[in-house]
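Undergrad: Structure file final.cif (mmCIF, N, CA and C atoms) is given on the next line.
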```cif
data_model
loop_
_atom_site.label_atom_id
_atom_site.label_comp_id
_atom_site.auth_asym_id
_atom_site.auth_seq_id
_atom_site.Cartn_x
_atom_site.Cartn_y
_atom_site.Cartn_z
N MET A 1 41.03 100.59 92.15
CA MET A 1 41.72 100.22 93.36
C MET A 1 42.61 101.37 93.79
N SER A 2 42.49 101.80 95.02
CA SER A 2 43.28 102.93 95.51
C SER A 2 44.46 102.43 96.34
N LEU A 3 45.47 103.24 96.38
CA LEU A 3 46.66 102.94 97.14
C LEU A 3 46.40 103.31 98.60
N GLN A 4 46.56 102.35 99.50
CA GLN A 4 46.29 102.60 100.92
C GLN A 4 47.61 102.81 101.66
N PHE A 5 47.58 103.76 102.56
CA PHE A 5 48.73 104.05 103.40
C PHE A 5 48.55 103.31 104.72
N THR A 6 49.36 102.30 104.95
CA THR A 6 49.28 101.51 106.17
C THR A 6 50.56 101.69 106.97
N PRO A 7 50.54 101.38 108.25
CA PRO A 7 51.78 101.47 109.03
C PRO A 7 52.89 100.56 108.50
N VAL A 8 52.52 99.40 107.99
CA VAL A 8 53.54 98.50 107.44
C VAL A 8 54.20 99.13 106.23
N ALA A 9 53.39 99.78 105.38
CA ALA A 9 53.95 100.45 104.20
C ALA A 9 54.86 101.61 104.61
N ALA A 10 54.47 102.33 105.64
CA ALA A 10 55.31 103.44 106.11
C ALA A 10 56.63 102.91 106.67
N PHE A 11 56.58 101.82 107.42
CA PHE A 11 57.81 101.26 107.98
C PHE A 11 58.68 100.68 106.88
N ALA A 12 58.07 100.07 105.86
CA ALA A 12 58.83 99.55 104.72
C ALA A 12 59.48 100.70 103.96
N ALA A 13 58.79 101.83 103.83
CA ALA A 13 59.38 103.00 103.17
C ALA A 13 60.56 103.53 103.98
N PHE A 14 60.42 103.53 105.30
CA PHE A 14 61.54 103.94 106.16
C PHE A 14 62.72 103.00 105.98
N GLY A 15 62.45 101.69 105.89
CA GLY A 15 63.51 100.71 105.67
C GLY A 15 64.21 100.93 104.33
N ALA A 16 63.44 101.26 103.29
CA ALA A 16 64.03 101.52 101.98
C ALA A 16 64.90 102.78 102.02
N ALA A 17 64.45 103.80 102.74
CA ALA A 17 65.26 105.01 102.88
C ALA A 17 66.54 104.72 103.66
N LEU A 18 66.45 103.86 104.65
CA LEU A 18 67.64 103.47 105.42
C LEU A 18 68.62 102.69 104.56
N VAL A 19 68.12 101.85 103.67
CA VAL A 19 68.99 101.12 102.74
C VAL A 19 69.77 102.12 101.89
N LEU A 20 69.10 103.13 101.36
CA LEU A 20 69.78 104.14 100.55
C LEU A 20 70.80 104.93 101.38
N PHE A 21 70.46 105.22 102.63
CA PHE A 21 71.38 105.93 103.51
C PHE A 21 72.64 105.12 103.77
N VAL A 22 72.49 103.82 104.04
CA VAL A 22 73.66 102.97 104.28
C VAL A 22 74.47 102.81 103.00
N TRP A 23 73.79 102.72 101.87
CA TRP A 23 74.47 102.61 100.58
C TRP A 23 75.32 103.85 100.33
N LEU A 24 74.76 105.03 100.62
CA LEU A 24 75.50 106.28 100.47
C LEU A 24 76.66 106.34 101.46
N ALA A 25 76.44 105.92 102.69
CA ALA A 25 77.50 105.92 103.71
C ALA A 25 78.64 105.00 103.32
N THR A 26 78.35 103.90 102.63
CA THR A 26 79.40 103.01 102.15
C THR A 26 80.33 103.74 101.19
N GLY A 27 79.75 104.47 100.26
CA GLY A 27 80.56 105.23 99.32
C GLY A 27 81.38 106.31 99.99
N VAL A 28 80.79 106.99 100.96
CA VAL A 28 81.50 108.05 101.67
C VAL A 28 82.66 107.46 102.47
N TRP A 29 82.42 106.33 103.14
CA TRP A 29 83.50 105.71 103.92
C TRP A 29 84.64 105.25 103.03
N VAL A 30 84.30 104.62 101.89
CA VAL A 30 85.35 104.17 100.96
C VAL A 30 86.14 105.38 100.46
N ASN A 31 85.46 106.48 100.18
CA ASN A 31 86.15 107.70 99.74
C ASN A 31 87.11 108.19 100.82
N PHE A 32 86.65 108.28 102.06
CA PHE A 32 87.52 108.71 103.17
C PHE A 32 88.73 107.78 103.30
N ASP A 33 88.48 106.48 103.27
CA ASP A 33 89.54 105.51 103.48
C ASP A 33 90.54 105.53 102.33
N ALA A 34 90.05 105.61 101.10
CA ALA A 34 90.96 105.65 99.95
C ALA A 34 91.82 106.91 99.97
N ARG A 35 91.24 108.03 100.37
CA ARG A 35 92.01 109.28 100.46
C ARG A 35 93.09 109.14 101.53
N ALA A 36 92.77 108.53 102.67
CA ALA A 36 93.75 108.38 103.74
C ALA A 36 94.85 107.39 103.38
N ARG A 37 94.59 106.52 102.43
CA ARG A 37 95.59 105.54 102.01
C ARG A 37 96.35 105.98 100.76
N GLY A 38 96.14 107.23 100.34
CA GLY A 38 96.94 107.79 99.27
C GLY A 38 96.46 107.48 97.86
N SER A 39 95.19 107.18 97.67
CA SER A 39 94.68 106.93 96.33
C SER A 39 94.70 108.20 95.51
N ALA A 40 95.02 108.05 94.23
CA ALA A 40 95.02 109.21 93.33
C ALA A 40 93.59 109.64 92.99
N HIS A 41 92.65 108.71 93.07
CA HIS A 41 91.26 108.98 92.71
C HIS A 41 90.30 108.38 93.75
N PRO A 42 90.24 108.92 94.96
CA PRO A 42 89.37 108.34 95.98
C PRO A 42 87.88 108.46 95.64
N ALA A 43 87.49 109.49 94.89
CA ALA A 43 86.08 109.66 94.53
C ALA A 43 85.62 108.54 93.61
N VAL A 44 86.51 108.06 92.76
CA VAL A 44 86.15 106.94 91.87
C VAL A 44 85.86 105.69 92.70
N TRP A 45 86.71 105.43 93.68
CA TRP A 45 86.45 104.30 94.59
C TRP A 45 85.13 104.50 95.33
N GLY A 46 84.90 105.73 95.80
CA GLY A 46 83.69 106.03 96.56
C GLY A 46 82.41 105.88 95.75
N VAL A 47 82.48 106.13 94.45
CA VAL A 47 81.29 105.99 93.59
C VAL A 47 81.08 104.55 93.18
N PHE A 48 82.14 103.88 92.74
CA PHE A 48 81.96 102.55 92.17
C PHE A 48 81.89 101.42 93.20
N ALA A 49 82.44 101.61 94.39
CA ALA A 49 82.39 100.55 95.39
C ALA A 49 80.96 100.19 95.81
N PRO A 50 80.09 101.17 96.12
CA PRO A 50 78.73 100.77 96.48
C PRO A 50 77.90 100.30 95.28
N LEU A 51 78.27 100.75 94.08
CA LEU A 51 77.50 100.33 92.90
C LEU A 51 77.72 98.87 92.55
N SER A 52 78.90 98.37 92.84
CA SER A 52 79.23 96.99 92.49
C SER A 52 79.85 96.30 93.70
N GLY A 53 79.27 95.22 94.10
CA GLY A 53 79.84 94.45 95.20
C GLY A 53 81.22 93.92 94.86
N ILE A 54 81.47 93.65 93.59
CA ILE A 54 82.78 93.14 93.18
C ILE A 54 83.85 94.20 93.42
N VAL A 55 83.56 95.45 93.05
CA VAL A 55 84.52 96.52 93.27
C VAL A 55 84.73 96.74 94.77
N LEU A 56 83.67 96.67 95.55
CA LEU A 56 83.79 96.83 97.00
C LEU A 56 84.66 95.74 97.60
N PHE A 57 84.42 94.48 97.22
CA PHE A 57 85.24 93.39 97.74
C PHE A 57 86.69 93.51 97.27
N TYR A 58 86.91 93.93 96.03
CA TYR A 58 88.26 94.16 95.52
C TYR A 58 88.96 95.22 96.36
N TYR A 59 88.24 96.30 96.64
CA TYR A 59 88.82 97.37 97.44
C TYR A 59 89.16 96.88 98.84
N LEU A 60 88.21 96.21 99.49
CA LEU A 60 88.41 95.78 100.87
C LEU A 60 89.45 94.67 101.01
N LEU A 61 89.43 93.71 100.11
CA LEU A 61 90.28 92.53 100.27
C LEU A 61 91.64 92.61 99.58
N TRP A 62 91.78 93.47 98.58
CA TRP A 62 93.05 93.52 97.88
C TRP A 62 93.68 94.90 97.89
N TRP A 63 92.99 95.92 97.47
CA TRP A 63 93.60 97.23 97.28
C TRP A 63 94.08 97.84 98.59
N ARG A 64 93.30 97.71 99.67
CA ARG A 64 93.68 98.30 100.96
C ARG A 64 94.91 97.65 101.57
N ARG A 65 95.11 96.38 101.29
CA ARG A 65 96.25 95.67 101.88
C ARG A 65 97.56 96.26 101.37
N GLY A 66 98.49 96.45 102.26
CA GLY A 66 99.79 96.96 101.88
C GLY A 66 99.84 98.47 101.69
N ARG A 67 98.73 99.15 101.92
CA ARG A 67 98.71 100.60 101.80
C ARG A 67 98.38 101.18 103.18
N PRO A 68 99.39 101.59 103.92
CA PRO A 68 99.11 102.13 105.26
C PRO A 68 98.43 103.50 105.18
N ARG A 69 97.71 103.81 106.21
CA ARG A 69 97.03 105.11 106.29
C ARG A 69 98.07 106.21 106.49
N GLU A 70 97.84 107.33 105.84
CA GLU A 70 98.74 108.47 106.00
C GLU A 70 98.37 109.31 107.21
N TRP A 71 97.12 109.22 107.67
CA TRP A 71 96.68 109.93 108.86
C TRP A 71 95.57 109.12 109.53
N PRO A 72 95.36 109.30 110.82
CA PRO A 72 94.33 108.53 111.52
C PRO A 72 92.93 108.96 111.10
N PRO A 73 91.96 108.08 111.30
CA PRO A 73 90.58 108.43 110.91
C PRO A 73 90.03 109.54 111.80
N ASP A 74 89.25 110.41 111.18
CA ASP A 74 88.63 111.48 111.94
C ASP A 74 87.22 111.05 112.37
N ARG A 75 86.52 111.96 113.00
CA ARG A 75 85.21 111.65 113.56
C ARG A 75 84.19 111.28 112.48
N ALA A 76 84.21 111.98 111.35
CA ALA A 76 83.26 111.69 110.27
C ALA A 76 83.51 110.31 109.67
N GLU A 77 84.77 109.94 109.52
CA GLU A 77 85.08 108.62 108.97
C GLU A 77 84.64 107.52 109.93
N ARG A 78 84.83 107.73 111.21
CA ARG A 78 84.36 106.75 112.19
C ARG A 78 82.84 106.61 112.15
N ALA A 79 82.14 107.74 112.04
CA ALA A 79 80.68 107.69 112.01
C ALA A 79 80.18 106.95 110.78
N THR A 80 80.77 107.21 109.62
CA THR A 80 80.33 106.50 108.42
C THR A 80 80.66 105.01 108.51
N ALA A 81 81.81 104.68 109.09
CA ALA A 81 82.16 103.27 109.26
C ALA A 81 81.17 102.57 110.19
N ILE A 82 80.72 103.24 111.23
CA ILE A 82 79.74 102.67 112.15
C ILE A 82 78.43 102.41 111.43
N VAL A 83 77.99 103.35 110.61
CA VAL A 83 76.74 103.17 109.86
C VAL A 83 76.86 102.00 108.89
N VAL A 84 78.00 101.89 108.21
CA VAL A 84 78.19 100.80 107.24
C VAL A 84 78.20 99.45 107.95
N VAL A 85 78.95 99.33 109.04
CA VAL A 85 79.03 98.05 109.75
C VAL A 85 77.67 97.67 110.34
N ALA A 86 76.98 98.63 110.94
CA ALA A 86 75.65 98.35 111.49
C ALA A 86 74.66 98.01 110.38
N GLY A 87 74.78 98.67 109.24
CA GLY A 87 73.89 98.38 108.11
C GLY A 87 74.08 96.98 107.58
N LEU A 88 75.33 96.58 107.40
CA LEU A 88 75.58 95.22 106.90
C LEU A 88 75.21 94.17 107.95
N GLY A 89 75.51 94.45 109.22
CA GLY A 89 75.10 93.52 110.28
C GLY A 89 73.60 93.42 110.40
N GLY A 90 72.92 94.56 110.30
CA GLY A 90 71.46 94.54 110.35
C GLY A 90 70.85 93.83 109.16
N LEU A 91 71.48 93.95 108.00
CA LEU A 91 70.99 93.25 106.81
C LEU A 91 71.09 91.74 106.99
N VAL A 92 72.22 91.27 107.50
CA VAL A 92 72.39 89.84 107.74
C VAL A 92 71.42 89.35 108.81
N ALA A 93 71.34 90.07 109.93
CA ALA A 93 70.43 89.66 111.01
C ALA A 93 68.98 89.72 110.56
N GLY A 94 68.61 90.76 109.84
CA GLY A 94 67.24 90.87 109.34
C GLY A 94 66.87 89.76 108.38
N ASN A 95 67.80 89.36 107.54
CA ASN A 95 67.53 88.27 106.61
C ASN A 95 67.42 86.93 107.33
N LEU A 96 68.10 86.78 108.44
CA LEU A 96 68.02 85.52 109.18
C LEU A 96 66.72 85.37 109.95
N VAL A 97 66.12 86.48 110.39
CA VAL A 97 64.94 86.38 111.26
C VAL A 97 63.62 86.72 110.57
N SER A 98 63.67 87.21 109.33
CA SER A 98 62.42 87.61 108.67
C SER A 98 62.09 86.65 107.52
N PRO A 99 60.83 86.61 107.13
CA PRO A 99 60.46 85.81 105.97
C PRO A 99 61.14 86.35 104.71
N PRO A 100 61.18 85.57 103.65
CA PRO A 100 61.95 85.98 102.48
C PRO A 100 61.28 87.01 101.57
N ASP A 101 60.18 87.61 101.97
CA ASP A 101 59.58 88.62 101.10
C ASP A 101 60.18 90.00 101.41
N PRO A 102 60.33 90.86 100.41
CA PRO A 102 61.00 92.15 100.60
C PRO A 102 60.32 93.08 101.61
N THR A 103 59.00 93.07 101.67
CA THR A 103 58.33 93.96 102.62
C THR A 103 58.67 93.59 104.06
N SER A 104 58.67 92.31 104.36
CA SER A 104 59.03 91.87 105.72
C SER A 104 60.46 92.22 106.04
N GLN A 105 61.35 92.03 105.08
CA GLN A 105 62.75 92.34 105.33
C GLN A 105 62.97 93.83 105.52
N LEU A 106 62.24 94.66 104.78
CA LEU A 106 62.39 96.11 104.95
C LEU A 106 61.78 96.60 106.25
N THR A 107 60.83 95.86 106.81
CA THR A 107 60.27 96.27 108.10
C THR A 107 61.12 95.78 109.27
N VAL A 108 61.82 94.67 109.11
CA VAL A 108 62.66 94.13 110.18
C VAL A 108 64.04 94.79 110.18
N TRP A 109 64.54 95.17 109.01
CA TRP A 109 65.91 95.65 108.91
C TRP A 109 66.19 96.91 109.75
N PRO A 110 65.32 97.91 109.80
CA PRO A 110 65.63 99.06 110.67
C PRO A 110 65.79 98.69 112.14
N ILE A 111 65.01 97.73 112.60
CA ILE A 111 65.14 97.28 113.99
C ILE A 111 66.47 96.56 114.19
N ALA A 112 66.82 95.70 113.25
CA ALA A 112 68.10 95.00 113.32
C ALA A 112 69.27 95.99 113.22
N PHE A 113 69.11 97.00 112.38
CA PHE A 113 70.14 98.05 112.25
C PHE A 113 70.34 98.76 113.59
N ALA A 114 69.26 99.14 114.23
CA ALA A 114 69.35 99.82 115.52
C ALA A 114 70.00 98.92 116.58
N CYS A 115 69.71 97.63 116.54
CA CYS A 115 70.31 96.70 117.49
C CYS A 115 71.80 96.49 117.21
N CYS A 116 72.20 96.62 115.96
CA CYS A 116 73.61 96.42 115.59
C CYS A 116 74.46 97.66 115.82
N LEU A 117 73.86 98.82 116.04
CA LEU A 117 74.64 100.05 116.22
C LEU A 117 75.63 99.98 117.39
N PRO A 118 75.24 99.49 118.58
CA PRO A 118 76.24 99.43 119.66
C PRO A 118 77.40 98.48 119.34
N VAL A 119 77.09 97.36 118.71
CA VAL A 119 78.15 96.42 118.33
C VAL A 119 79.06 97.04 117.28
N ALA A 120 78.47 97.73 116.30
CA ALA A 120 79.26 98.39 115.27
C ALA A 120 80.14 99.47 115.87
N TYR A 121 79.60 100.23 116.82
CA TYR A 121 80.39 101.26 117.49
C TYR A 121 81.60 100.64 118.19
N TRP A 122 81.38 99.55 118.88
CA TRP A 122 82.48 98.87 119.58
C TRP A 122 83.51 98.34 118.59
N LEU A 123 83.04 97.70 117.50
CA LEU A 123 83.97 97.15 116.51
C LEU A 123 84.80 98.24 115.85
N VAL A 124 84.17 99.31 115.43
CA VAL A 124 84.89 100.39 114.75
C VAL A 124 85.85 101.06 115.71
N ARG A 125 85.41 101.29 116.91
CA ARG A 125 86.30 101.93 117.88
C ARG A 125 87.52 101.05 118.17
N THR A 126 87.29 99.76 118.37
CA THR A 126 88.39 98.84 118.64
C THR A 126 89.34 98.76 117.45
N ARG A 127 88.80 98.64 116.27
CA ARG A 127 89.62 98.49 115.07
C ARG A 127 90.40 99.76 114.76
N PHE A 128 89.75 100.92 114.82
CA PHE A 128 90.43 102.17 114.50
C PHE A 128 91.43 102.55 115.58
N ASP A 129 91.14 102.26 116.84
CA ASP A 129 92.10 102.57 117.89
C ASP A 129 93.35 101.71 117.75
N ALA A 130 93.18 100.45 117.34
CA ALA A 130 94.33 99.58 117.11
C ALA A 130 95.15 100.09 115.93
N ALA A 131 94.46 100.54 114.88
CA ALA A 131 95.16 101.07 113.71
C ALA A 131 95.91 102.35 114.05
N GLU A 132 95.31 103.21 114.89
CA GLU A 132 95.98 104.45 115.29
C GLU A 132 97.22 104.15 116.11
N ALA A 133 97.12 103.19 117.02
CA ALA A 133 98.28 102.84 117.85
C ALA A 133 99.40 102.27 116.98
N GLU A 134 99.03 101.46 116.00
CA GLU A 134 100.03 100.88 115.11
C GLU A 134 100.69 101.95 114.26
N SER A 135 99.89 102.87 113.71
CA SER A 135 100.47 103.92 112.87
C SER A 135 101.30 104.89 113.72
N ALA A 136 100.90 105.11 114.97
CA ALA A 136 101.69 105.96 115.86
C ALA A 136 103.03 105.30 116.15
N GLY A 137 103.03 103.97 116.31
CA GLY A 137 104.28 103.24 116.53
C GLY A 137 105.19 103.32 115.32
N GLN A 138 104.61 103.27 114.12
CA GLN A 138 105.41 103.38 112.90
C GLN A 138 105.99 104.78 112.77
N ARG A 139 105.23 105.80 113.14
CA ARG A 139 105.74 107.17 113.07
C ARG A 139 106.90 107.36 114.02
N LYS A 140 106.85 106.73 115.20
CA LYS A 140 107.94 106.85 116.16
C LYS A 140 109.20 106.20 115.62
N GLU A 141 109.05 105.05 114.93
CA GLU A 141 110.21 104.36 114.38
C GLU A 141 110.84 105.17 113.25
N ARG A 142 110.04 105.83 112.43
CA ARG A 142 110.56 106.60 111.31
C ARG A 142 111.28 107.86 111.79
N ASN A 143 110.81 108.46 112.83
CA ASN A 143 111.40 109.70 113.35
C ASN A 143 111.86 109.50 114.78
N PRO A 144 113.00 108.84 114.95
CA PRO A 144 113.46 108.62 116.34
C PRO A 144 113.89 109.95 116.96
N PRO A 145 113.76 110.05 118.27
CA PRO A 145 114.17 111.29 118.94
C PRO A 145 115.68 111.50 118.84
N LYS A 146 116.08 112.74 118.74
CA LYS A 146 117.50 113.08 118.65
C LYS A 146 118.09 113.19 120.04
N PRO A 147 119.30 112.65 120.23
CA PRO A 147 119.92 112.70 121.57
C PRO A 147 120.43 114.07 121.94
#
```
How does this structure look as structure tokens?
TA:
Amino acid sequence: MSLQFTPVAAFAAFGAALVLFVWLATGVWVNFDARARGSAHPAVWGVFAPLSGIVLFYYLLWWRRGRPREWPPDRAERATAIVVVAGLGGLVAGNLVSPPDPTSQLTVWPIAFACCLPVAYWLVRTRFDAAEAESAGQRKERNPPKP
């Protein structure tokens, strides 16, 4: 029996590569965010957060709280956040509309990912712009102008 190369297999391979790309982007975003929040070891967070969902949820729901950003997000951090949000949104949407077999989910997920990109862009832009305005307000309070 020979291995046949079909369009479905090619699209499933593309979906698997996209999963790895989003997984890597998750680690990069956590690393950027942990560094901006003053972590002593942001690379450790960046490596272990995507490897374990428990560590990722711990980071997102507990560790980040109460630690303000020391500087606003840059363009690379925004781009990785957009990829992560679109990837997770595409994963949820793809699982809702595709049959439960992995090949179908890997073929639907890239399409769902592409559809989620504009929404992710809007969410990240709205969230980061609000965070920048808040941190700018805090900087003004800490350093009032001299009369």
Undergrad: Output as JSON the centre and edge lengths (Å, one decimal) of the box along x, y and z of the file that holds every listed atom of segment 47-62 of chain A after adding 5 Å on each side.
TA:
```
{"center_x": 85.6, "center_y": 99.3, "center_z": 96.6, "size_x": 26.2, "size_y": 23.6, "size_z": 18.8}
```
Undergrad: On this structure, the PyMOL selection byres ((chain A and resi 82-99) around 6.5) would catch which residues? List them as a PDB file with N, CA and C atoms, keeping the file's coordinate frame, sorted by chain and number.
TA:
```pdb
ATOM      1  N   VAL A  22      72.490 103.820 104.040  1.00  0.00           N
ATOM      2  CA  VAL A  22      73.660 102.970 104.280  1.00  0.00           C
ATOM      3  C   VAL A  22      74.470 102.810 103.000  1.00  0.00           C
ATOM      4  N   ALA A  25      76.440 105.920 102.690  1.00  0.00           N
ATOM      5  CA  ALA A  25      77.500 105.920 103.710  1.00  0.00           C
ATOM      6  C   ALA A  25      78.640 105.000 103.320  1.00  0.00           C
ATOM      7  N   THR A  26      78.350 103.900 102.630  1.00  0.00           N
ATOM      8  CA  THR A  26      79.400 103.010 102.150  1.00  0.00           C
ATOM      9  C   THR A  26      80.330 103.740 101.190  1.00  0.00           C
ATOM     10  N   GLU A  77      84.770 109.940 109.520  1.00  0.00           N
ATOM     11  CA  GLU A  77      85.080 108.620 108.970  1.00  0.00           C
ATOM     12  C   GLU A  77      84.640 107.520 109.930  1.00  0.00           C
ATOM     13  N   ARG A  78      84.830 107.730 111.210  1.00  0.00           N
ATOM     14  CA  ARG A  78      84.360 106.750 112.190  1.00  0.00           C
ATOM     15  C   ARG A  78      82.840 106.610 112.150  1.00  0.00           C
ATOM     16  N   ALA A  79      82.140 107.740 112.040  1.00  0.00           N
ATOM     17  CA  ALA A  79      80.680 107.690 112.010  1.00  0.00           C
ATOM     18  C   ALA A  79      80.180 106.950 110.780  1.00  0.00           C
ATOM     19  N   THR A  80      80.770 107.210 109.620  1.00  0.00           N
ATOM     20  CA  THR A  80      80.330 106.500 108.420  1.00  0.00           C
ATOM     21  C   THR A  80      80.660 105.010 108.510  1.00  0.00           C
ATOM     22  N   ALA A  81      81.810 104.680 109.090  1.00  0.00           N
ATOM     23  CA  ALA A  81      82.160 103.270 109.260  1.00  0.00           C
ATOM     24  C   ALA A  81      81.170 102.570 110.190  1.00  0.00           C
ATOM     25  N   PRO A 100      61.180  85.570 103.650  1.00  0.00           N
ATOM     26  CA  PRO A 100      61.950  85.980 102.480  1.00  0.00           C
ATOM     27  C   PRO A 100      61.280  87.010 101.570  1.00  0.00           C
ATOM     28  N   ASP A 101      60.180  87.610 101.970  1.00  0.00           N
ATOM     29  CA  ASP A 101      59.580  88.620 101.100  1.00  0.00           C
ATOM     30  C   ASP A 101      60.180  90.000 101.410  1.00  0.00           C
ATOM     31  N   PRO A 102      60.330  90.860 100.410  1.00  0.00           N
ATOM     32  CA  PRO A 102      61.000  92.150 100.600  1.00  0.00           C
ATOM     33  C   PRO A 102      60.320  93.080 101.610  1.00  0.00           C
ATOM     34  N   SER A 104      58.670  92.310 104.360  1.00  0.00           N
ATOM     35  CA  SER A 104      59.030  91.870 105.720  1.00  0.00           C
ATOM     36  C   SER A 104      60.460  92.220 106.040  1.00  0.00           C
ATOM     37  N   GLN A 105      61.350  92.030 105.080  1.00  0.00           N
ATOM     38  CA  GLN A 105      62.750  92.340 105.330  1.00  0.00           C
ATOM     39  C   GLN A 105      62.970  93.830 105.520  1.00  0.00           C
ATOM     40  N   VAL A 108      61.820  94.670 109.110  1.00  0.00           N
ATOM     41  CA  VAL A 108      62.660  94.130 110.180  1.00  0.00           C
ATOM     42  C   VAL A 108      64.040  94.790 110.180  1.00  0.00           C
ATOM     43  N   TRP A 109      64.540  95.170 109.010  1.00  0.00           N
ATOM     44  CA  TRP A 109      65.910  95.650 108.910  1.00  0.00           C
ATOM     45  C   TRP A 109      66.190  96.910 109.750  1.00  0.00           C
ATOM     46  N   ALA A 112      66.820  95.700 113.250  1.00  0.00           N
ATOM     47  CA  ALA A 112      68.100  95.000 113.320  1.00  0.00           C
ATOM     48  C   ALA A 112      69.270  95.990 113.220  1.00  0.00           C
ATOM     49  N   PHE A 113      69.110  97.000 112.380  1.00  0.00           N
ATOM     50  CA  PHE A 113      70.140  98.050 112.250  1.00  0.00           C
ATOM     51  C   PHE A 113      70.340  98.760 113.590  1.00  0.00           C
ATOM     52  N   ALA A 114      69.260  99.140 114.230  1.00  0.00           N
ATOM     53  CA  ALA A 114      69.350  99.820 115.520  1.00  0.00           C
ATOM     54  C   ALA A 114      70.000  98.920 116.580  1.00  0.00           C
ATOM     55  N   CYS A 116      72.200  96.620 115.960  1.00  0.00           N
ATOM     56  CA  CYS A 116      73.610  96.420 115.590  1.00  0.00           C
ATOM     57  C   CYS A 116      74.460  97.660 115.820  1.00  0.00           C
ATOM     58  N   LEU A 117      73.860  98.820 116.040  1.00  0.00           N
ATOM     59  CA  LEU A 117      74.640 100.050 116.220  1.00  0.00           C
ATOM     60  C   LEU A 117      75.630  99.980 117.390  1.00  0.00           C
ATOM     61  N   ALA A 120      78.470  97.730 116.300  1.00  0.00           N
ATOM     62  CA  ALA A 120      79.260  98.390 115.270  1.00  0.00           C
ATOM     63  C   ALA A 120      80.140  99.470 115.870  1.00  0.00           C
ATOM     64  N   TYR A 121      79.600 100.230 116.820  1.00  0.00           N
ATOM     65  CA  TYR A 121      80.390 101.260 117.490  1.00  0.00           C
ATOM     66  C   TYR A 121      81.600 100.640 118.190  1.00  0.00           C
ATOM     67  N   VAL A 124      84.170  99.310 115.430  1.00  0.00           N
ATOM     68  CA  VAL A 124      84.890 100.390 114.750  1.00  0.00           C
ATOM     69  C   VAL A 124      85.850 101.060 115.710  1.00  0.00           C
TER      70      VAL A 124
END
```
Undergrad: What does the PyMOL selection byres (((chain A and resi 59 and name CA) around 12) and name CA) select in this file, as a VMD selection string?
TA: chain A and resid 26 to 27 29 to 31 33 to 34 37 39 42 44 to 46 48 to 50 52 to 58 60 to 67
Undergrad: Mind pulling up the distance from atom CA of Asp129 of chain A to atom CA of Asp74 of chain A?
TA: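 Separation of atom CA of Asp74 of chain A and atom CA of Asp129 of chain A: 11.3 Å.
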Undergrad: Around (57.0, 99.0, 107.1) in the file's own coordinates, what residues are found within 9 Å if you use only C-alpha atoms, given back as a list of chain:residue names?
TA: A:Thr6, A:Pro7, A:Val8, A:Ala9, A:Ala10, A:Phe11, A:Ala12, A:Ala13, A:Phe14, A:Gly15, A:Thr103, A:Ser104, A:Gln105, A:Leu106, A:Thr107, A:Val108
Undergrad: Keeping N, CA and C atoms for every residue in the selection just given, could you write it to a file as a CSV table (one decimal), in the frame of the given file?
TA:
```
chain,number,residue,atom,x,y,z
A,6,THR,N,49.4,102.3,105.0
A,6,THR,CA,49.3,101.5,106.2
A,6,THR,C,50.6,101.7,107.0
A,7,PRO,N,50.5,101.4,108.2
A,7,PRO,CA,51.8,101.5,109.0
A,7,PRO,C,52.9,100.6,108.5
A,8,VAL,N,52.5,99.4,108.0
A,8,VAL,CA,53.5,98.5,107.4
A,8,VAL,C,54.2,99.1,106.2
A,9,ALA,N,53.4,99.8,105.4
A,9,ALA,CA,54.0,100.4,104.2
A,9,ALA,C,54.9,101.6,104.6
A,10,ALA,N,54.5,102.3,105.6
A,10,ALA,CA,55.3,103.4,106.1
A,10,ALA,C,56.6,102.9,106.7
A,11,PHE,N,56.6,101.8,107.4
A,11,PHE,CA,57.8,101.3,108.0
A,11,PHE,C,58.7,100.7,106.9
A,12,ALA,N,58.1,100.1,105.9
A,12,ALA,CA,58.8,99.6,104.7
A,12,ALA,C,59.5,100.7,104.0
A,13,ALA,N,58.8,101.8,103.8
A,13,ALA,CA,59.4,103.0,103.2
A,13,ALA,C,60.6,103.5,104.0
A,14,PHE,N,60.4,103.5,105.3
A,14,PHE,CA,61.5,103.9,106.2
A,14,PHE,C,62.7,103.0,106.0
A,15,GLY,N,62.4,101.7,105.9
A,15,GLY,CA,63.5,100.7,105.7
A,15,GLY,C,64.2,100.9,104.3
A,103,THR,N,59.0,93.1,101.7
A,103,THR,CA,58.3,94.0,102.6
A,103,THR,C,58.7,93.6,104.1
A,104,SER,N,58.7,92.3,104.4
A,104,SER,CA,59.0,91.9,105.7
A,104,SER,C,60.5,92.2,106.0
A,105,GLN,N,61.4,92.0,105.1
A,105,GLN,CA,62.8,92.3,105.3
A,105,GLN,C,63.0,93.8,105.5
A,106,LEU,N,62.2,94.7,104.8
A,106,LEU,CA,62.4,96.1,105.0
A,106,LEU,C,61.8,96.6,106.2
A,107,THR,N,60.8,95.9,106.8
A,107,THR,CA,60.3,96.3,108.1
A,107,THR,C,61.1,95.8,109.3
A,108,VAL,N,61.8,94.7,109.1
A,108,VAL,CA,62.7,94.1,110.2
A,108,VAL,C,64.0,94.8,110.2
```
Undergrad: As a PyMOL selection string, please: every residue in chain A that DSSP puts in helix (DSSP H, G or I).
TA: chain A and resi 7-36+42-51+53-63+75-97+102-142
Undergrad: Expressed in Å to a single decimal, how great is the separation between atom CA of Arg35 of chain A and atom CA of Val119 of chain A?
TA: 26.0 Å
Undergrad: Could you write out as a ChimeraX atom specification the residues that the PyMOL selection byres (((chain A and resi 70 and name CA) around 8) and name CA) matches in the shown file?
TA: /A:36-38,68-69,71-72
Undergrad: In Å, rounded to a single decimal, give me how far atom CA of Arg75 of chain A is from atom CA of His41 of chain A.
TA: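 Separation between atom CA of His41 of chain A and atom CA of Arg75 of chain A: 21.9 Å.
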